[in-house]
>>> print(open('model.txt').read())   # compact mmCIF, C-alpha atoms
# COMPACT_ATOMS: atom_id res chain seq x y z
CA MET L 1 112.69 70.60 125.64
CA ALA L 2 113.91 70.38 122.05
CA GLU L 3 116.47 72.95 121.00
CA LEU L 4 115.04 75.64 118.76
CA ASN L 5 116.70 76.45 115.49
CA THR L 6 117.27 80.20 115.58
CA GLU L 7 118.94 80.42 112.18
CA HIS L 8 116.74 81.92 109.51
CA ASP L 9 117.16 83.29 105.98
CA SER L 10 116.74 86.77 107.43
CA HIS L 11 120.12 86.42 109.24
CA ALA L 12 121.86 85.89 105.92
CA LEU L 13 120.23 89.07 104.67
CA GLY L 14 121.69 91.02 107.60
CA MET L 15 118.31 91.94 109.02
CA HIS L 16 119.29 91.25 112.61
CA THR L 17 122.52 93.23 112.58
CA GLU L 18 121.26 96.57 111.28
CA GLN L 19 121.52 99.50 113.65
CA LEU L 20 118.17 101.07 114.45
CA ALA L 21 118.70 104.80 114.67
CA GLY L 22 115.17 105.76 115.65
CA ARG L 23 114.41 107.67 112.48
CA THR L 24 112.74 106.87 109.20
CA GLN L 25 114.62 104.82 106.67
CA LYS L 26 116.43 106.96 104.13
CA VAL L 27 115.67 105.67 100.65
CA PHE L 28 116.11 107.43 97.33
CA PHE L 29 114.32 106.87 94.05
CA SER L 30 116.38 105.59 91.19
CA PRO L 31 115.47 107.66 88.12
CA SER L 32 116.47 104.69 85.97
CA ALA L 33 113.73 102.44 87.41
CA ASP L 34 111.85 100.55 84.70
CA ASP L 35 108.15 100.95 83.98
CA ASN L 36 106.68 98.03 85.90
CA TYR L 37 103.01 97.99 86.80
CA VAL L 38 102.84 94.98 89.12
CA TYR L 39 104.85 93.76 92.11
CA HIS L 40 108.12 92.03 91.30
CA ASP L 41 106.89 88.63 92.53
CA SER L 42 103.25 88.90 91.44
CA ILE L 43 101.52 86.10 89.56
CA GLU L 44 100.87 86.64 85.84
CA VAL L 45 97.12 86.26 85.25
CA ASP L 46 94.85 86.85 82.26
CA PHE L 47 91.49 88.55 82.98
CA ASN L 48 90.01 86.76 79.95
CA LYS L 49 90.81 83.31 81.35
CA SER L 50 88.06 82.28 83.78
CA ALA L 51 87.37 79.41 86.17
CA GLU L 52 84.73 78.38 88.73
CA ILE L 53 84.94 76.84 92.19
CA ASP L 54 82.04 75.19 94.04
CA ALA L 55 82.83 76.13 97.64
CA GLY L 56 79.79 74.30 99.05
CA PRO L 57 81.46 71.01 100.02
CA MET L 58 84.93 72.54 100.62
CA GLU L 59 86.74 73.67 103.79
CA ILE L 60 87.62 77.41 104.02
CA LYS L 61 91.36 76.76 103.76
CA ASP L 62 90.87 74.63 100.66
CA VAL L 63 88.78 77.32 98.93
CA ASN L 64 91.50 79.92 99.50
CA ALA L 65 94.20 77.47 98.38
CA LYS L 66 92.19 76.68 95.24
CA ILE L 67 91.91 80.39 94.37
CA ARG L 68 95.70 80.64 94.68
CA SER L 69 96.38 77.57 92.57
CA LEU L 70 94.04 78.82 89.81
CA MET L 71 95.87 82.15 89.82
CA LYS L 72 99.17 80.28 89.38
CA GLU L 73 97.62 78.58 86.34
CA GLY L 74 96.97 82.04 84.91
CA TYR L 75 93.24 82.40 85.62
CA GLY L 76 92.44 86.08 86.04
CA THR L 77 88.67 85.76 86.58
CA ILE L 78 87.49 83.33 89.23
CA THR L 79 83.89 82.74 90.33
CA VAL L 80 83.23 81.10 93.69
CA LYS L 81 79.80 79.48 93.87
CA ASN L 82 78.02 78.55 97.11
CA PRO L 83 80.30 80.40 99.55
CA SER L 84 77.57 79.60 102.13
CA ALA L 85 78.56 82.46 104.50
CA LYS L 86 81.85 80.74 105.31
CA HIS L 87 84.34 82.92 107.22
CA SER L 88 87.67 84.28 105.95
CA LEU L 89 87.12 83.59 102.26
CA GLY L 90 89.17 85.45 99.64
CA VAL L 91 91.77 86.75 102.08
CA GLY L 92 95.39 87.79 101.49
CA ILE L 93 95.25 88.16 97.71
CA LEU L 94 98.17 90.41 96.74
CA ASN L 95 97.62 90.34 93.00
CA ARG L 96 95.48 91.68 90.18
CA LEU L 97 92.45 89.42 89.85
CA ASN L 98 88.70 89.50 89.19
CA LEU L 99 87.03 87.46 91.91
CA ASN L 100 83.26 86.93 92.11
CA PHE L 101 81.39 85.36 95.00
CA GLU L 102 77.90 84.15 94.13
CA GLY L 103 76.29 84.25 97.58
CA SER L 104 77.14 85.61 101.02
CA LEU L 105 80.36 85.62 103.08
CA GLY L 106 80.79 85.21 106.84
CA TYR L 107 83.23 87.09 109.10
CA PHE L 108 86.52 88.61 107.90
CA GLY L 109 85.86 88.07 104.19
CA CYS L 110 88.37 89.47 101.68
CA GLY L 111 90.68 90.88 104.36
CA LEU L 112 94.33 91.86 103.77
CA CYS L 113 93.86 92.17 100.01
CA ASP L 114 96.19 94.22 97.81
CA GLY L 115 94.92 94.61 94.26
CA PRO L 116 91.98 92.36 93.34
CA ASN L 117 88.55 93.45 92.10
CA ILE L 118 86.00 91.48 94.12
CA ARG L 119 82.23 91.36 93.70
CA ILE L 120 79.95 89.68 96.24
CA SER L 121 76.35 89.13 95.18
CA GLY L 122 75.03 88.55 98.72
CA ARG L 123 75.79 89.90 102.21
CA VAL L 124 78.96 89.97 104.31
CA GLY L 125 79.50 89.47 108.05
CA TRP L 126 81.71 91.43 110.46
CA SER L 127 85.01 92.97 109.40
CA CYS L 128 84.76 92.56 105.67
CA ALA L 129 87.88 93.90 103.90
CA GLU L 130 89.78 94.48 107.12
CA ASN L 131 93.24 95.91 106.39
CA MET L 132 92.49 96.12 102.68
CA MET L 133 95.46 97.73 100.86
CA ALA L 134 94.25 98.23 97.28
CA GLY L 135 91.64 97.04 94.78
CA THR L 136 87.85 97.22 94.74
CA ILE L 137 85.28 95.23 96.71
CA VAL L 138 81.59 95.61 95.90
CA ILE L 139 78.87 94.03 98.06
CA GLU L 140 75.41 94.01 96.52
CA LYS L 141 73.46 93.60 99.80
CA ASN L 142 74.11 94.48 103.48
CA ALA L 143 77.31 94.32 105.56
CA GLY L 144 77.94 93.69 109.27
CA SER L 145 79.88 95.80 111.76
CA THR L 146 83.50 96.99 111.46
CA PHE L 147 83.17 97.10 107.69
CA GLY L 148 86.57 98.13 106.27
CA ALA L 149 88.26 98.26 109.68
CA ALA L 150 91.85 99.58 109.51
CA MET L 151 91.55 99.81 105.74
CA ARG L 152 94.61 101.34 104.04
CA GLY L 153 93.50 101.87 100.45
CA GLY L 154 91.18 100.96 97.58
CA ASP L 155 87.41 101.20 97.20
CA LEU L 156 85.03 99.27 99.45
CA VAL L 157 81.37 99.52 98.45
CA CYS L 158 78.26 98.20 100.18
CA LYS L 159 75.08 98.89 98.24
CA GLY L 160 72.85 98.12 101.24
CA ASP L 161 73.07 99.04 104.95
CA VAL L 162 76.09 98.56 107.22
CA GLY L 163 76.40 97.93 110.97
CA SER L 164 78.35 100.00 113.46
CA ARG L 165 82.02 101.09 113.53
CA THR L 166 82.39 101.16 109.74
CA GLY L 167 85.87 102.42 108.86
CA ILE L 168 87.11 102.18 112.44
CA ASP L 169 90.82 103.09 112.47
CA GLN L 170 90.68 103.66 108.71
CA LYS L 171 94.04 104.79 107.31
CA GLY L 172 93.13 105.36 103.69
CA GLY L 173 90.87 104.35 100.82
CA THR L 174 87.18 105.01 100.21
CA ILE L 175 84.21 103.29 101.82
CA ILE L 176 80.83 103.84 100.16
CA VAL L 177 77.57 102.85 101.82
CA GLY L 178 74.43 102.97 99.68
CA GLY L 179 72.00 102.71 102.61
CA ASN L 180 72.13 103.56 106.32
CA ALA L 181 75.05 103.12 108.72
CA GLY L 182 75.05 102.30 112.46
CA ALA L 183 76.84 104.01 115.35
CA PHE L 184 80.50 105.09 115.69
CA ASN L 185 81.28 105.13 111.99
CA GLY L 186 84.74 106.51 111.26
CA PHE L 187 85.77 106.03 114.88
CA MET L 188 89.43 107.09 115.23
CA MET L 189 89.86 107.23 111.47
CA GLN L 190 93.18 108.73 110.45
CA ARG L 191 92.81 109.14 106.74
CA GLY L 192 90.62 108.17 103.78
CA ARG L 193 86.99 108.85 102.95
CA ILE L 194 83.63 107.39 104.00
CA ILE L 195 80.55 108.20 101.91
CA ILE L 196 77.22 107.28 103.51
CA LEU L 197 74.30 107.97 101.17
CA GLY L 198 71.65 107.17 103.80
CA ASN L 199 71.48 108.09 107.49
CA ALA L 200 74.36 107.83 109.96
CA GLY L 201 73.94 106.66 113.58
CA LYS L 202 75.30 108.00 116.87
CA ASN L 203 78.82 109.38 117.41
CA LEU L 204 79.76 109.76 113.79
CA GLY L 205 83.50 110.35 113.36
CA ASP L 206 84.23 110.07 117.06
CA SER L 207 87.88 110.93 117.84
CA MET L 208 88.81 111.07 114.17
CA TYR L 209 92.34 112.40 113.56
CA ASP L 210 91.93 113.13 109.88
CA GLY L 211 90.04 111.91 106.81
CA THR L 212 86.60 112.91 105.56
CA ILE L 213 83.06 111.57 106.01
CA TYR L 214 80.23 112.56 103.65
CA VAL L 215 76.62 111.85 104.61
CA GLY L 216 73.59 112.08 102.33
CA GLY L 217 70.87 111.55 104.96
CA LYS L 218 70.44 112.50 108.61
CA ILE L 219 73.22 112.34 111.19
CA GLU L 220 72.01 111.21 114.61
CA ASP L 221 74.89 113.00 116.32
CA LEU L 222 78.58 113.75 115.92
CA GLY L 223 81.31 112.21 118.04
CA VAL L 224 84.06 114.06 119.95
CA ASP L 225 86.13 116.37 117.71
CA ALA L 226 84.08 115.74 114.54
CA VAL L 227 82.99 118.98 112.88
CA GLU L 228 81.29 120.04 109.67
CA GLY L 229 83.45 121.08 106.72
CA GLU L 230 82.88 122.64 103.31
CA ILE L 231 82.89 120.64 100.05
CA THR L 232 85.32 122.03 97.44
CA ASP L 233 84.83 122.01 93.64
CA VAL L 234 87.48 119.29 93.18
CA GLU L 235 85.74 117.19 95.82
CA GLU L 236 82.37 117.63 94.11
CA LYS L 237 83.76 116.38 90.83
CA TRP L 238 85.57 113.56 92.58
CA LEU L 239 82.40 112.48 94.46
CA GLU L 240 80.30 112.48 91.25
CA ASN L 241 82.87 110.32 89.46
CA LYS L 242 83.42 107.93 92.35
CA LEU L 243 79.71 107.26 92.89
CA ALA L 244 79.11 106.88 89.13
CA LEU L 245 81.79 104.15 88.98
CA TYR L 246 79.53 101.97 91.12
CA GLY L 247 76.21 103.09 89.62
CA MET L 248 75.32 105.13 92.72
CA LYS L 249 74.02 108.65 93.27
CA ALA L 250 73.74 111.00 96.24
CA PRO L 251 70.02 111.28 97.14
CA ASN L 252 69.99 115.10 96.84
CA GLY L 253 73.11 115.59 94.73
CA VAL L 254 76.72 115.68 95.94
CA LYS L 255 76.46 119.40 96.71
CA ASN L 256 74.03 118.58 99.49
CA LEU L 257 76.12 115.91 101.19
CA THR L 258 77.17 116.88 104.71
CA LYS L 259 80.95 116.84 105.02
CA ILE L 260 82.47 115.87 108.37
CA VAL L 261 86.16 116.35 109.20
CA ALA L 262 88.36 116.32 112.31
CA GLY L 263 88.30 119.44 114.47
CA LYS L 264 91.96 118.57 115.27
CA GLN L 265 91.53 119.55 118.91
CA LEU L 266 92.75 116.10 119.96
CA TRP L 267 95.96 116.25 117.96
CA ASN L 268 97.96 117.69 120.84
CA TYR L 269 96.40 116.14 123.88
CA ASP L 270 98.76 117.90 126.30
CA ASN L 271 97.47 121.27 125.15
CA LEU L 272 93.88 120.57 126.16
CA GLU L 273 92.34 122.51 129.01
CA PRO L 274 91.41 120.40 132.08
CA SER L 275 87.73 120.88 131.27
CA GLU L 276 88.24 119.58 127.73
CA LYS L 277 90.20 116.59 129.02
CA LYS L 278 87.32 115.78 131.34
CA LEU L 279 84.95 115.93 128.39
CA VAL L 280 87.12 113.60 126.33
CA LEU L 281 87.49 111.11 129.15
CA MET F 282 93.67 122.89 101.21
CA SER F 283 96.43 124.71 103.05
CA ASP F 284 96.96 128.38 102.16
CA LYS F 285 100.70 128.08 102.98
CA ASP F 286 103.39 128.63 100.33
CA ILE F 287 103.72 125.37 98.39
CA ASP F 288 107.47 125.27 99.13
CA HIS F 289 107.01 126.10 102.81
CA PHE F 290 108.47 122.79 103.99
CA ILE F 291 111.36 122.96 101.50
CA ASN F 292 112.38 126.54 102.27
CA THR F 293 111.88 126.45 106.04
CA ASP F 294 112.42 124.00 108.88
CA GLY F 295 108.63 123.68 109.21
CA LEU F 296 108.74 124.33 112.95
CA ASP F 297 105.83 126.74 113.11
CA SER F 298 104.16 126.36 116.50
CA GLU F 299 105.75 126.95 119.91
CA ARG F 300 105.53 123.26 120.70
CA GLU F 301 107.24 122.28 117.44
CA LYS F 302 110.08 124.67 118.27
CA THR F 303 110.42 123.22 121.78
CA ILE F 304 110.71 119.62 120.62
CA GLY F 305 112.53 120.50 117.37
CA GLN F 306 110.21 118.33 115.32
CA HIS F 307 107.25 119.03 113.13
CA ILE F 308 103.95 117.72 114.51
CA GLY F 309 101.38 116.20 112.23
CA TYR F 310 101.17 115.89 108.49
CA ARG F 311 103.23 118.10 106.22
CA TYR F 312 100.61 118.12 103.49
CA ASP F 313 96.85 117.96 103.11
CA VAL F 314 95.97 114.27 103.35
CA ASN F 315 92.36 115.02 102.47
CA LEU F 316 93.15 116.51 99.06
CA VAL F 317 91.37 114.36 96.45
CA PRO F 318 93.02 114.01 93.01
CA ASP F 319 92.14 116.18 90.05
CA TYR F 320 91.83 113.62 87.24
CA GLU F 321 92.47 116.23 84.57
CA ARG F 322 96.11 116.18 85.66
CA ILE F 323 96.68 112.44 85.47
CA THR F 324 99.86 111.24 83.72
CA PRO F 325 100.03 108.61 80.89
CA PHE F 326 102.02 106.28 83.17
CA LEU F 327 99.29 106.33 85.80
CA LYS F 328 96.61 105.69 83.16
CA LYS F 329 98.54 102.61 82.03
CA TYR F 330 98.84 101.44 85.65
CA MET F 331 95.06 101.76 86.16
CA GLU F 332 94.44 99.82 82.96
CA THR F 333 96.81 97.02 84.01
CA MET F 334 95.10 96.66 87.38
CA GLY F 335 91.59 96.80 85.88
CA TRP F 336 90.65 99.97 87.81
CA ASP F 337 88.67 102.95 86.56
CA ASP F 338 90.46 105.43 88.82
CA LEU F 339 93.64 105.78 90.85
CA ASN F 340 92.28 103.52 93.60
CA TRP F 341 94.78 103.35 96.50
CA LEU F 342 96.96 106.00 94.89
CA GLU F 343 94.29 108.58 95.75
CA ASP F 344 95.85 108.58 99.21
CA VAL F 345 99.38 109.19 97.95
CA HIS F 346 100.60 112.79 98.10
CA MET F 347 103.94 114.49 97.81
CA GLY F 348 105.21 115.23 101.28
CA TYR F 349 108.39 116.78 102.60
CA GLU F 350 111.09 115.50 104.89
CA GLU F 351 114.23 117.34 105.92
CA ASN F 352 113.59 120.09 103.36
CA ARG F 353 113.32 117.60 100.50
CA ALA F 354 110.28 116.49 98.55
CA ALA F 355 109.48 112.88 99.41
CA VAL F 356 106.79 110.23 99.15
CA PHE F 357 105.71 108.00 102.01
CA ASP F 358 105.91 104.31 101.09
CA ARG F 359 103.52 102.39 103.35
CA ASN F 360 105.19 99.09 102.44
CA ILE F 361 108.49 100.10 104.07
CA ASN F 362 107.00 102.58 106.53
CA GLY F 363 109.39 105.28 105.41
CA TRP F 364 109.83 108.33 103.23
CA VAL F 365 111.36 107.90 99.81
CA THR F 366 113.17 111.04 98.71
CA VAL F 367 112.48 112.55 95.30
CA PRO F 368 115.66 113.11 93.18
CA GLU F 369 117.00 116.61 93.90
CA GLU F 370 117.42 117.43 90.21
CA MET F 371 113.70 116.87 89.58
CA LYS F 372 111.91 120.16 88.95
CA LEU F 373 108.76 120.35 91.01
CA PRO F 374 105.55 121.85 89.56
CA ASP F 375 104.09 124.90 91.30
CA ASN F 376 100.91 123.20 92.53
CA GLN F 377 100.18 120.31 94.85
CA GLN F 378 97.89 118.41 92.44
CA ASP F 379 100.67 118.01 89.84
CA ARG F 380 103.18 117.22 92.56
CA ASP F 381 100.88 114.48 93.84
CA MET F 382 100.69 112.89 90.37
CA ILE F 383 104.52 112.82 90.21
CA ALA F 384 104.62 111.31 93.70
CA ARG F 385 102.18 108.55 92.64
CA GLU F 386 104.20 107.74 89.54
CA LEU F 387 107.51 107.60 91.41
CA LEU F 388 106.03 105.45 94.16
CA ILE F 389 104.73 102.87 91.68
CA LYS F 390 108.10 102.74 89.93
CA PHE F 391 109.80 102.23 93.28
CA GLN F 392 107.36 99.65 94.68
CA MET F 393 107.35 97.54 91.52
CA SER F 394 111.13 97.58 91.19
CA PRO F 395 113.12 94.41 91.93
CA ASN F 396 115.25 96.60 94.23
CA HIS F 397 112.38 97.38 96.58
CA PRO F 398 113.10 96.22 100.17
CA MET F 399 109.90 94.16 100.16
CA VAL F 400 111.47 91.77 97.65
CA GLU F 401 114.14 90.83 100.21
CA LEU F 402 111.60 90.70 103.05
CA ASN F 403 109.41 88.39 101.00
CA LYS F 404 112.31 86.05 100.42
CA ALA F 405 112.96 85.92 104.14
CA TYR F 406 109.48 85.84 105.62
CA ALA F 407 106.76 85.02 103.04
CA LYS F 408 104.80 81.91 103.98
CA PHE F 409 103.24 81.24 100.59
>>> encode(input="model.txt", output="structure tokens")
Amino acid sequence: MAELNTEHDSHALGMHTEQLAGRTQKVFFSPSADDNYVYHDSIEVDFNKSAEIDAGPMEIKDVNAKIRSLMKEGYGTITVKNPSAKHSLGVGILNRLNLNFEGSLGYFGCGLCDGPNIRISGRVGWSCAENMMAGTIVIEKNAGSTFGAAMRGGDLVCKGDVGSRTGIDQKGGTIIVGGNAGAFNGFMMQRGRIIILGNAGKNLGDSMYDGTIYVGGKIEDLGVDAVEGEITDVEEKWLENKLALYGMKAPNGVKNLTKIVAGKQLWNYDNLEPSEKKLVL
Amino acid sequence: MSDKDIDHFINTDGLDSEREKTIGQHIGYRYDVNLVPDYERITPFLKKYMETMGWDDLNWLEDVHMGYEENRAAVFDRNINGWVTVPEEMKLPDNQQDRDMIARELLIKFQMSPNHPMVELNKAYAKF
């Protein structure tokens, strides 16, 4: 067997010699930090400079590489034609960018993004915007299951219906669904907001730790530890503004949305009574 | 929103329940993670940031709040998975909404700085 080279740049940076003390890293802000608005190593793009890609005859990897190379040339608005429901398109973009897909995407579209504004004129398959960090993604038609799974931040909007497990393990950000949503939406969500303007399926918010779900239509049933909450004035204003950004409205006004939050009975599992544990299991 | 004193976690050890006292550690969040921003309190710096990114609102920063660690105001930076402590000399406003706006501003300044740990990590591990 060939000998592996274990030397890496990270050794020179001292990353393998640090002592792990089992507590959070202690870092302090420098008050003298400059006013920067983008990441240190981000690519400089101009929103007014636009380009087009015909993805029809291209391989997935080549489409994503082409988006990157156009960004390096300074293009800030890129339109991808004929995406033909290919999987994993528009992933891992950690930059400001306007990206338009004219057509539908397959599985895992636009995942791991941090910053871009993406518009998709068609539908999306499973796990669109998985692990999204920041930016906006707007889908004009329907979306598959696990929409916005493990999302950390940003706005993810589907103007049509979505499948089940939307916002599963969500850790931040806002998911807006214009139509109906399937079962187990907000399953184990820890933070963030889900707004469903239509009906929500079975086990809504099951085992959610924190975060908020708003529903405009009927709720088939609530999951374990999901309870109704009360909408505050600040929330009302926030909901109006957020929906207006995407040209959407609550069917009976934001005041009449049903708010679902965590009952927080599962936070300290050890404290549960045996009967409650049985119920959970 | 919590009805606790806004400086509760600065003035006390935050060990409120029996279980927290037993383990000597606070359980759960030290602030209301569900508090949505009041846009009337937005700062000029944050407006400029939104404009640069092409967003009409605070976007991912809506989930950033001022928290507290070891009796100090701090902001959680998801990119380093750790709390970043707010300078001690900084005077904190008397309400959480204004504190959250300060937290958002400080976090952006920190994350976009060339001294952020992610810059070094990128050098070592980035694939493209």
>>> residues_around(input="model.txt", residues="region 349-365 of chain F", least_positions_apart="3", cutoff="10 Å", atoms="all atoms listed in the file", output="ChimeraX atom specification")
/L:23-29,133,152 /F:288-295,307,310-312,345-346,368-369,371,373,380-381,383-385,387-389,391-392,397-399,402
>>> write_last_selection(input="model.txt", atoms="C-alpha atoms", output="tab-separated table (two decimals), keeping the file's coordinate frame")
chain	number	residue	atom	x	y	z
L	23	ARG	CA	114.41	107.67	112.48
L	24	THR	CA	112.74	106.87	109.20
L	25	GLN	CA	114.62	104.82	106.67
L	26	LYS	CA	116.43	106.96	104.13
L	27	VAL	CA	115.67	105.67	100.65
L	28	PHE	CA	116.11	107.43	97.33
L	29	PHE	CA	114.32	106.87	94.05
L	133	MET	CA	95.46	97.73	100.86
L	152	ARG	CA	94.61	101.34	104.04
F	288	ASP	CA	107.47	125.27	99.13
F	289	HIS	CA	107.01	126.10	102.81
F	290	PHE	CA	108.47	122.79	103.99
F	291	ILE	CA	111.36	122.96	101.50
F	292	ASN	CA	112.38	126.54	102.27
F	293	THR	CA	111.88	126.45	106.04
F	294	ASP	CA	112.42	124.00	108.88
F	295	GLY	CA	108.63	123.68	109.21
F	307	HIS	CA	107.25	119.03	113.13
F	310	TYR	CA	101.17	115.89	108.49
F	311	ARG	CA	103.23	118.10	106.22
F	312	TYR	CA	100.61	118.12	103.49
F	345	VAL	CA	99.38	109.19	97.95
F	346	HIS	CA	100.60	112.79	98.10
F	368	PRO	CA	115.66	113.11	93.18
F	369	GLU	CA	117.00	116.61	93.90
F	371	MET	CA	113.70	116.87	89.58
F	373	LEU	CA	108.76	120.35	91.01
F	380	ARG	CA	103.18	117.22	92.56
F	381	ASP	CA	100.88	114.48	93.84
F	383	ILE	CA	104.52	112.82	90.21
F	384	ALA	CA	104.62	111.31	93.70
F	385	ARG	CA	102.18	108.55	92.64
F	387	LEU	CA	107.51	107.60	91.41
F	388	LEU	CA	106.03	105.45	94.16
F	389	ILE	CA	104.73	102.87	91.68
F	391	PHE	CA	109.80	102.23	93.28
F	392	GLN	CA	107.36	99.65	94.68
F	397	HIS	CA	112.38	97.38	96.58
F	398	PRO	CA	113.10	96.22	100.17
F	399	MET	CA	109.90	94.16	100.16
F	402	LEU	CA	111.60	90.70	103.05
>>> closest_residue(input="model.txt", among="F:Asn403, F:Thr366, F:Asn376, F:Asn340", to="Asp155 (chain L)", atoms="only C-alpha atoms")
F:Asn340
>>> closest_residue(input="model.txt", among="L:Gly217, L:Gly115, L:Gly263, L:Gly163", to="chain F", atoms="only C-alpha atoms")
L:Gly115
>>> atom_distance(input="model.txt", atom1="CA of Lys242 (chain L)", atom2="CA of Val254 (chain L)")
10.9 Å
>>> atom_distance(input="model.txt", atom1="CA of Ala149 (chain L)", atom2="CA of Gly216 (chain L)")
21.5 Å
>>> residues_around(input="model.txt", residues="Asn185 (chain L)", least_positions_apart="3", cutoff="6 Å", atoms="only C-alpha atoms", output="PDB file with C-alpha atoms, in the frame of the given file")
ATOM      1  CA  ARG L 165      82.020 101.090 113.530  1.00  0.00           C
ATOM      2  CA  THR L 166      82.390 101.160 109.740  1.00  0.00           C
ATOM      3  CA  LEU L 204      79.760 109.760 113.790  1.00  0.00           C
ATOM      4  CA  GLY L 205      83.500 110.350 113.360  1.00  0.00           C
TER       5      GLY L 205
END
>>> closest_residue(input="model.txt", among="L:Asp210, L:Asn117, L:Ala55, L:Ser104", to="Gly76 (chain L)", atoms="all atoms listed in the file")
L:Asn117
>>> residues_around(input="model.txt", residues="Thr333 (chain F)", least_positions_apart="6", cutoff="9 Å", atoms="all atoms listed in the file", output="ChimeraX atom specification")
/L:37-38,96
>>> write_last_selection(input="model.txt", atoms="C-alpha atoms", output="PDB file, keeping the file's coordinate frame")
ATOM      1  CA  TYR L  37     103.010  97.990  86.800  1.00  0.00           C
ATOM      2  CA  VAL L  38     102.840  94.980  89.120  1.00  0.00           C
ATOM      3  CA  ARG L  96      95.480  91.680  90.180  1.00  0.00           C
TER       4      ARG L  96
END
>>> closest_residue(input="model.txt", among="L:Leu89, L:Lys72, L:Lys61, L:Trp238", to="Asp41 (chain L)", atoms="only C-alpha atoms")
L:Lys72
>>> atom_distance(input="model.txt", atom1="CA of Pro251 (chain L)", atom2="CA of Gly198 (chain L)")
8.0 Å
>>> residues_around(input="model.txt", residues="Ile118 (chain L)", least_positions_apart="2", cutoff="6 Å", atoms="all atoms listed in the file", output="list in words")
Asn98, Leu99, Asn100 and Ile137 of chain L
